[in-house]
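Printed here is run.cif (mmCIF, C-alpha atoms):
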```
data_coords
#
loop_
_atom_site.label_atom_id
_atom_site.label_comp_id
_atom_site.auth_asym_id
_atom_site.auth_seq_id
_atom_site.Cartn_x
_atom_site.Cartn_y
_atom_site.Cartn_z
CA MET A 1 103.35 -6.44 -2.94
CA ASP A 2 104.84 -6.14 -6.40
CA ILE A 3 108.33 -7.79 -6.51
CA SER A 4 108.83 -7.52 -10.25
CA ASN A 5 110.98 -4.42 -9.75
CA TYR A 6 113.54 -6.36 -7.56
CA THR A 7 116.51 -7.96 -9.34
CA ILE A 8 119.49 -10.02 -8.00
CA ASP A 9 122.91 -9.59 -9.49
CA LEU A 10 124.89 -12.85 -9.01
CA ALA A 11 128.11 -11.24 -10.23
CA LEU A 12 128.34 -9.06 -7.20
CA LYS A 13 131.08 -9.93 -4.66
CA PRO A 14 130.95 -9.00 -1.01
CA THR A 15 133.34 -6.26 -0.16
CA THR A 16 133.06 -6.59 3.58
CA LEU A 17 133.27 -9.63 5.96
CA ASP A 18 130.49 -9.75 8.46
CA ALA A 19 129.89 -12.40 11.19
CA TRP A 20 127.75 -14.56 8.93
CA HIS A 21 130.43 -14.99 6.28
CA VAL A 22 133.04 -15.83 8.90
CA CYS A 23 130.86 -18.61 10.37
CA LEU A 24 130.16 -20.00 6.93
CA ALA A 25 133.85 -20.15 6.02
CA GLY A 26 134.78 -21.81 9.33
CA THR A 27 132.11 -24.46 8.97
CA SER A 28 133.33 -25.31 5.45
CA ALA A 29 136.90 -25.70 6.69
CA ILE A 30 135.84 -27.98 9.57
CA LEU A 31 133.76 -30.21 7.26
CA ALA A 32 136.63 -30.48 4.78
CA GLY A 33 139.06 -31.50 7.57
CA ALA A 34 136.65 -34.08 8.96
CA LEU A 35 136.22 -35.60 5.47
CA ILE A 36 139.99 -35.84 4.99
CA ILE A 37 140.47 -37.51 8.41
CA THR A 38 137.67 -40.01 7.69
CA LEU A 39 139.25 -40.96 4.34
CA LEU A 40 142.64 -41.43 5.97
CA ALA A 41 141.17 -43.66 8.70
CA LEU A 42 139.40 -45.77 6.07
CA VAL A 43 142.63 -46.27 4.06
CA ILE A 44 144.59 -47.28 7.19
CA SER A 45 141.88 -49.77 8.20
CA LEU A 46 141.94 -51.43 4.77
CA ALA A 47 145.72 -51.69 4.90
CA ARG A 48 145.62 -53.39 8.29
CA ARG A 49 143.10 -55.94 7.06
CA LYS A 50 145.39 -56.94 4.18
CA GLU A 51 148.42 -57.45 6.48
CA PRO A 52 147.11 -58.53 9.92
CA VAL A 53 149.57 -58.34 12.75
CA ALA A 54 149.17 -60.92 15.49
CA SER A 55 148.46 -59.49 18.85
CA GLU A 56 150.45 -60.42 21.89
CA PRO A 57 147.94 -63.02 23.22
CA GLN A 58 147.84 -64.70 19.81
CA ILE A 59 151.64 -64.85 19.66
CA LYS A 60 151.74 -66.46 23.10
CA ILE A 61 149.19 -69.12 22.06
CA VAL A 62 151.25 -70.00 18.97
CA GLU A 63 154.39 -70.28 21.07
CA LYS A 64 152.63 -72.65 23.48
CA ILE A 65 151.42 -74.85 20.62
CA VAL A 66 154.91 -75.02 19.08
CA GLN A 67 156.60 -75.77 22.40
CA ALA A 68 154.00 -78.30 23.57
CA GLU A 69 155.43 -81.74 24.32
CA PRO A 70 153.75 -84.94 23.01
CA ILE A 71 151.21 -86.44 25.39
CA ILE A 72 151.85 -90.09 26.30
CA LYS A 73 148.86 -91.89 27.79
CA THR A 74 149.71 -94.75 30.10
CA VAL A 75 147.17 -97.53 30.50
CA GLU A 76 147.51 -99.66 33.58
CA VAL A 77 146.77 -103.39 32.96
CA PRO A 78 145.80 -105.48 35.99
CA VAL A 79 148.37 -108.04 37.05
CA GLU A 80 145.75 -110.79 36.90
CA LYS A 81 145.18 -110.16 33.19
CA ILE A 82 148.93 -110.27 32.49
CA VAL A 83 149.30 -113.58 34.32
CA GLU A 84 146.31 -115.02 32.46
CA VAL A 85 147.76 -114.04 29.09
CA GLU A 86 151.14 -115.53 30.03
CA LYS A 87 149.48 -118.84 30.94
CA ILE A 88 147.63 -118.95 27.61
CA VAL A 89 150.84 -118.25 25.69
CA GLU A 90 152.67 -120.91 27.70
CA LYS A 91 149.97 -123.49 26.89
CA ILE A 92 150.15 -122.65 23.19
CA VAL A 93 153.94 -122.97 23.16
CA GLN A 94 153.86 -126.24 25.10
CA LEU A 95 151.18 -127.90 22.96
CA PRO A 96 152.44 -131.35 21.98
CA ALA A 97 153.07 -132.06 18.35
CA PRO A 98 150.41 -134.23 16.70
CA ALA A 99 151.15 -137.89 17.01
CA PRO A 100 152.54 -139.41 13.82
CA VAL A 101 150.26 -141.71 11.90
CA VAL A 102 151.27 -145.27 12.64
CA LEU A 103 150.38 -147.72 9.90
CA LYS A 104 149.37 -151.09 11.24
CA GLU A 105 151.16 -153.81 9.38
CA ALA A 106 148.83 -156.65 8.50
CA SER A 107 149.98 -160.15 9.35
CA PRO A 108 149.96 -162.37 6.27
CA ASP A 109 149.33 -165.55 8.25
CA ALA A 110 145.54 -165.21 8.32
CA ALA A 111 145.37 -164.43 4.59
CA LEU A 112 147.61 -167.37 3.79
CA GLN A 113 145.48 -169.61 5.97
CA LEU A 114 142.35 -168.55 4.08
CA LEU A 115 144.03 -169.33 0.76
CA TYR A 116 144.92 -172.76 2.17
CA LEU A 117 141.27 -173.42 3.06
CA LEU A 118 140.01 -172.29 -0.36
CA GLN A 119 142.53 -174.45 -2.11
CA ASN A 120 141.93 -177.46 0.11
CA ASP A 121 138.12 -177.42 -0.12
CA ALA A 122 137.50 -175.77 -3.50
CA ARG A 123 140.70 -176.11 -5.53
CA PHE A 124 140.49 -172.31 -5.85
CA ILE A 125 144.11 -171.60 -6.85
CA ASP A 126 144.13 -174.47 -9.35
CA PHE A 127 141.07 -172.97 -11.01
CA ILE A 128 142.43 -169.41 -11.10
CA LYS A 129 145.84 -170.45 -12.42
CA GLU A 130 144.40 -172.76 -15.10
CA ASP A 131 144.51 -171.56 -18.73
CA MET A 132 140.81 -171.28 -19.54
CA SER A 133 141.42 -170.70 -23.25
CA ALA A 134 142.19 -174.43 -23.64
CA HIS A 135 138.73 -175.44 -22.40
CA SER A 136 135.24 -174.94 -23.80
CA ASP A 137 132.60 -172.84 -22.09
CA GLU A 138 130.73 -175.98 -21.06
CA ASP A 139 133.82 -177.43 -19.34
CA VAL A 140 134.55 -174.12 -17.61
CA GLY A 141 130.95 -173.89 -16.43
CA MET A 142 131.01 -177.36 -14.95
CA VAL A 143 134.28 -176.67 -13.08
CA ALA A 144 133.06 -173.25 -11.93
CA ARG A 145 130.05 -174.91 -10.30
CA VAL A 146 132.31 -177.21 -8.28
CA ILE A 147 134.61 -174.28 -7.31
CA HIS A 148 131.58 -172.22 -6.28
CA GLU A 149 130.28 -174.95 -3.97
CA GLY A 150 133.68 -175.45 -2.35
CA CYS A 151 134.28 -171.66 -1.81
CA ASN A 152 130.79 -171.25 -0.36
CA LYS A 153 131.48 -174.08 2.11
CA VAL A 154 134.74 -172.42 3.27
CA LEU A 155 133.05 -169.08 3.83
CA ASN A 156 130.11 -170.58 5.69
CA ASP A 157 132.37 -172.74 7.88
CA HIS A 158 134.82 -170.04 8.92
CA PHE A 159 133.04 -166.67 8.57
CA SER A 160 129.71 -165.04 9.41
CA PHE A 161 128.44 -162.25 7.15
CA SER A 162 125.66 -159.66 7.30
CA PRO A 163 124.58 -157.02 4.77
CA ILE A 164 125.47 -153.40 5.62
CA ALA A 165 122.37 -151.82 4.08
CA LYS A 166 119.07 -153.03 5.49
CA GLU A 167 117.15 -151.82 2.44
CA ASN A 168 116.92 -153.82 -0.79
CA GLU A 169 118.91 -153.05 -3.91
CA GLY A 170 117.08 -150.42 -5.98
CA ASP A 171 115.53 -148.70 -2.93
CA LYS A 172 116.06 -145.01 -2.19
CA ILE A 173 118.17 -144.09 0.84
CA THR A 174 119.22 -140.79 2.45
CA LEU A 175 122.69 -140.46 3.96
CA ILE A 176 122.79 -137.85 6.73
CA GLU A 177 125.86 -135.92 7.78
CA GLY A 178 128.32 -138.08 9.72
CA TYR A 179 127.57 -141.34 7.91
CA ASP A 180 130.32 -144.00 8.05
CA ALA A 181 132.28 -143.57 4.83
CA ALA A 182 134.03 -146.89 5.46
CA LYS A 183 130.71 -148.73 5.22
CA VAL A 184 129.02 -146.67 2.51
CA ARG A 185 130.75 -145.66 -0.71
CA VAL A 186 129.05 -142.81 -2.56
CA THR A 187 129.38 -142.77 -6.35
CA GLY A 188 127.93 -140.72 -9.18
CA ASN A 189 127.41 -136.94 -9.19
CA ILE A 190 128.63 -135.88 -5.74
CA VAL A 191 127.87 -132.17 -5.17
CA GLY A 192 127.89 -130.28 -1.87
CA ASN A 193 127.62 -131.78 1.59
CA PRO A 194 125.27 -134.37 3.16
CA PRO A 195 122.45 -135.23 3.34
CA PHE A 196 122.67 -137.24 0.11
CA THR A 197 119.75 -139.12 -1.42
CA GLY A 198 120.50 -141.97 -3.81
CA THR A 199 119.71 -145.51 -4.90
CA ILE A 200 121.24 -148.63 -3.34
CA ILE A 201 123.27 -150.43 -6.00
CA HIS A 202 124.84 -153.02 -3.67
CA LYS A 203 123.89 -153.81 -0.08
CA GLY A 204 127.49 -154.44 0.97
CA TRP A 205 128.87 -157.09 3.31
CA GLN A 206 130.56 -157.03 6.67
CA VAL A 207 132.11 -159.89 8.67
CA THR A 208 130.55 -160.41 12.08
CA ASP A 209 132.54 -163.47 13.14
CA VAL A 210 135.78 -165.24 12.14
CA ARG A 211 136.46 -168.93 12.94
CA LEU A 212 139.82 -169.80 11.44
CA PRO A 213 141.39 -173.01 12.74
CA SER A 214 144.25 -172.82 15.23
CA THR A 215 147.73 -173.62 14.01
CA VAL A 216 150.41 -175.68 15.70
CA GLN A 217 153.86 -174.39 16.47
CA GLY A 218 156.12 -174.57 13.45
CA TYR A 219 153.22 -174.32 10.99
CA ASN A 220 154.41 -172.90 7.65
CA ALA A 221 151.59 -170.64 6.41
CA ASN A 222 153.36 -170.03 3.11
CA VAL A 223 152.60 -173.60 2.00
CA ILE A 224 149.12 -173.24 0.50
CA ALA A 225 149.00 -176.71 -1.08
CA PRO A 226 151.76 -179.25 -0.56
CA ALA A 227 153.03 -181.15 -3.53
CA GLU A 228 151.50 -184.61 -3.85
CA VAL A 229 153.57 -187.69 -4.63
CA GLU A 230 151.84 -190.99 -5.36
CA LEU A 231 153.74 -194.18 -4.60
#
```
What does the file become when written as structure tokens?
Amino acid sequence: MDISNYTIDLALKPTTLDAWHVCLAGTSAILAGALIITLLALVISLARRKEPVASEPQIKIVEKIVQAEPIIKTVEVPVEKIVEVEKIVEKIVQLPAPAPVVLKEASPDAALQLLYLLQNDARFIDFIKEDMSAHSDEDVGMVARVIHEGCNKVLNDHFSFSPIAKENEGDKITLIEGYDAAKVRVTGNIVGNPPFTGTIIHKGWQVTDVRLPSTVQGYNANVIAPAEVEL
């Protein structure tokens, strides 16, 4: 078929309304209305998201939270525990104060008696009180030998001694924790806590027995050496 002789004039306008044109116009109007309604619904939804309004259940939950009273939890403590704590507190309160330190006053009689013995047997006080600058070294040495013999006799007659350290001077010794500080004096570079290892410088002495003579009633211990008068 040859269609070259058919032409379409787009400038032509329909002069009559048939069923087809009516349906087309109605469909266009419905689509336009649906589009407008959809746009309106979208705008309203966006506005609600920006300013949310709490629903009734949410409002009730908030009111319950605001009006809620503070919760106080009560813990029941057994009576036995309370009594036990009261007894402990009572013991602490009633603890006696530490006893005051009582200093033992030494009696001078024994010391005075020892000075009497040293003076009587060794002329000890005479030697100590003598002005040694008036005598030569030879004279002092001779007198010192006599004083030494007399003092040694007094000590041997009235006292018994023993060395504290069993080792010899110059030997190494280790002091463990709890050593008797009254018997061992530590000198030098003392750092930290025992055990200490050092060298014995002096063995020390301790008295094991005392044999001072008895005194009669009325004895004046302050008289170390009575004055002597020759007739």
**Q.** Surrounding residues of Leu114 in chain A excluding itself and chain neighbours under 2 positions, 12 Å, only C-alpha atoms, as a list in words
**A.** Pro108, Asp109, Ala110, Ala111, Leu112, Tyr116, Leu117, Leu118, Gln119, Asn120, Asp121, Ala122, Phe124, Ile125, Cys151, Val154, Leu155, Asp157, His158, Phe159, Val210, Arg211, Leu212, Pro213, Ala221, Asn222, Val223, Ile224 and Ala225 of chain A
Pull C-alpha atoms from the residues just selected and write them as a PDB file, in the coordinates of the input.
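out35.pdb was written with the following content:
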```
ATOM      1  CA  PRO A 108     149.960-162.370   6.270  1.00  0.00           C
ATOM      2  CA  ASP A 109     149.330-165.550   8.250  1.00  0.00           C
ATOM      3  CA  ALA A 110     145.540-165.210   8.320  1.00  0.00           C
ATOM      4  CA  ALA A 111     145.370-164.430   4.590  1.00  0.00           C
ATOM      5  CA  LEU A 112     147.610-167.370   3.790  1.00  0.00           C
ATOM      6  CA  TYR A 116     144.920-172.760   2.170  1.00  0.00           C
ATOM      7  CA  LEU A 117     141.270-173.420   3.060  1.00  0.00           C
ATOM      8  CA  LEU A 118     140.010-172.290  -0.360  1.00  0.00           C
ATOM      9  CA  GLN A 119     142.530-174.450  -2.110  1.00  0.00           C
ATOM     10  CA  ASN A 120     141.930-177.460   0.110  1.00  0.00           C
ATOM     11  CA  ASP A 121     138.120-177.420  -0.120  1.00  0.00           C
ATOM     12  CA  ALA A 122     137.500-175.770  -3.500  1.00  0.00           C
ATOM     13  CA  PHE A 124     140.490-172.310  -5.850  1.00  0.00           C
ATOM     14  CA  ILE A 125     144.110-171.600  -6.850  1.00  0.00           C
ATOM     15  CA  CYS A 151     134.280-171.660  -1.810  1.00  0.00           C
ATOM     16  CA  VAL A 154     134.740-172.420   3.270  1.00  0.00           C
ATOM     17  CA  LEU A 155     133.050-169.080   3.830  1.00  0.00           C
ATOM     18  CA  ASP A 157     132.370-172.740   7.880  1.00  0.00           C
ATOM     19  CA  HIS A 158     134.820-170.040   8.920  1.00  0.00           C
ATOM     20  CA  PHE A 159     133.040-166.670   8.570  1.00  0.00           C
ATOM     21  CA  VAL A 210     135.780-165.240  12.140  1.00  0.00           C
ATOM     22  CA  ARG A 211     136.460-168.930  12.940  1.00  0.00           C
ATOM     23  CA  LEU A 212     139.820-169.800  11.440  1.00  0.00           C
ATOM     24  CA  PRO A 213     141.390-173.010  12.740  1.00  0.00           C
ATOM     25  CA  ALA A 221     151.590-170.640   6.410  1.00  0.00           C
ATOM     26  CA  ASN A 222     153.360-170.030   3.110  1.00  0.00           C
ATOM     27  CA  VAL A 223     152.600-173.600   2.000  1.00  0.00           C
ATOM     28  CA  ILE A 224     149.120-173.240   0.500  1.00  0.00           C
ATOM     29  CA  ALA A 225     149.000-176.710  -1.080  1.00  0.00           C
TER      30      ALA A 225
END
```
Q. Counting only C-alpha atoms, which of A:Gln206, A:Val191, A:Arg123, A:Val146 gets nearest to Ile164 in chain A?
A.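 With only C-alpha atoms as the atom set, the closest residue is A:Gln206.
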Q) CA of Val186 in chain A and CA of Ser160 in chain A are how many Å apart? A)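 Distance reported for this atom pair: 25.3 Å.
Of note, CA of Phe127 in chain A and CA of Gly218 in chain A are spaced 28.8 Å apart.
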Q: Name the residues within 9 Å of (113.3, -143.8, -5.5), counting all atoms listed in the file in the file's coordinates, and put them as a ChimeraX atom specification.
A: /A:170-173,197-199
**Q.** Residues matched by the PyMOL selection byres ((chain A and resi 185) around 12), written as an MDAnalysis selection string
**A.** chainID A and resid 164:165 175 179:184 186:188 190 196 198:204
Q. Hey, which of A:Val102, A:Pro163, A:Ser107, A:Asn189 ends up closest to Trp205 in chain A? Count all atoms listed in the file.
A. A:Pro163
Q | Two-atom distance - CA of Asp126 in chain A, CA of Gln113 in chain A (Å) | A |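 Going from CA of Asp126 in chain A over to CA of Gln113 in chain A covers 16.1 Å.
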Take every atom of range 188-193 of chain A listed in the file, pad by 6 Å on each side, and give me the axis-aligned box centre and edge lengths in Å, one decimal, as JSON.
```
{"center_x": 128.0, "center_y": -135.5, "center_z": -3.8, "size_x": 13.2, "size_y": 22.4, "size_z": 22.8}
```
